[in-house]
Structures are given as C-alpha cells and as structure tokens.
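Participant: Provided herewith is a single structure, encoded as structure tokens, for subsequent inquiry.
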Amino acid sequence: MDSFAERHLALLCFVIALGRCAFMGLYGASLREALYKSGNELKLAHAIAQIDERTGVLNRITSSAR
C-alpha cells in the first residue's frame with residue numbers, strides 16, 4: 001500500500017465493514033426486543049384463554065390437556 005489512493009481505499013473498506021457490523025448488531029438487538037415483547041404478549045393471551053370469562057372456570061381444552 002504505497003499510494004495515497006490505496007491507503008484511503010483500504011480505510012474506506014474498513015469503515016464500511018465496521019459500519020455493517022454495527023448495523024447488524026443494532027438490527028439483531030431490535031429483533032430480539034420484538035421477539036421478547038411478542039413472547040410476553042403470547043404468554044398473556046394464553047393465560048387469558050385458559051379461563052372462561054363468564055364462569056371463571058377452566059376451559060374444556062385446558063382441562064382435557066391435563
């Protein structure tokens with residue numbers, strides 16, 4: 001790497017690679033957070049679906065699965 005252009009091109013490649021790694025890290029973190037939130041919503045929906053609103057007893061599907 002003797003010339004000025006080669007050094008800048010190598011630096012540019014390094015910066016682009018570093019930027020891609022940072023972007024993938026942030027993207028993965030946002031996906032992980034969305035998955036965590038949807039998992040909590042699913043747990044809540046499952047808990048609500050187990051008990052009948054009108055009678056307060058377990059649903060037939062829940063009681064037969066035991």
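Scheme for the structure tokens: letters A, B, ... for chains in order shown; per-chain residue numbers from 1; ligand numbers from 1 in order shown.
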Run DSSP on the backbone and tell me which residues of chain A come out as alpha helix (DSSP H); list them as JSON, numbers by chain.
Facilitator: {"A": [4, 5, 6, 7, 8, 9, 10, 11, 12, 13, 14, 15, 16, 17, 18, 19, 20, 21, 22, 23, 24, 25, 26, 27, 28, 29, 30, 31, 32, 33, 34, 35, 36, 37, 38, 39, 40, 41, 42, 43, 44, 45, 46, 47, 48, 49, 50, 60, 61, 62, 63, 64, 65]}
Participant: Rounded to one decimal in Å, what is the spacing between CA of His46 in chain A and CA of Ser30 in chain A?
Facilitator: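 Result for CA of His46 in chain A versus CA of Ser30 in chain A: 24.3 Å, one decimal.
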Participant: Please report the interatomic distance between CA of Arg60 in chain A and CA of Asn40 in chain A in Å with one decimal.
Facilitator: 23.8 Å
Participant: How many Å separate CA of Phe4 in chain A from CA of Ala17 in chain A?
Facilitator: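 One can read the CA of Phe4 in chain A to CA of Ala17 in chain A distance as 20.2 Å.
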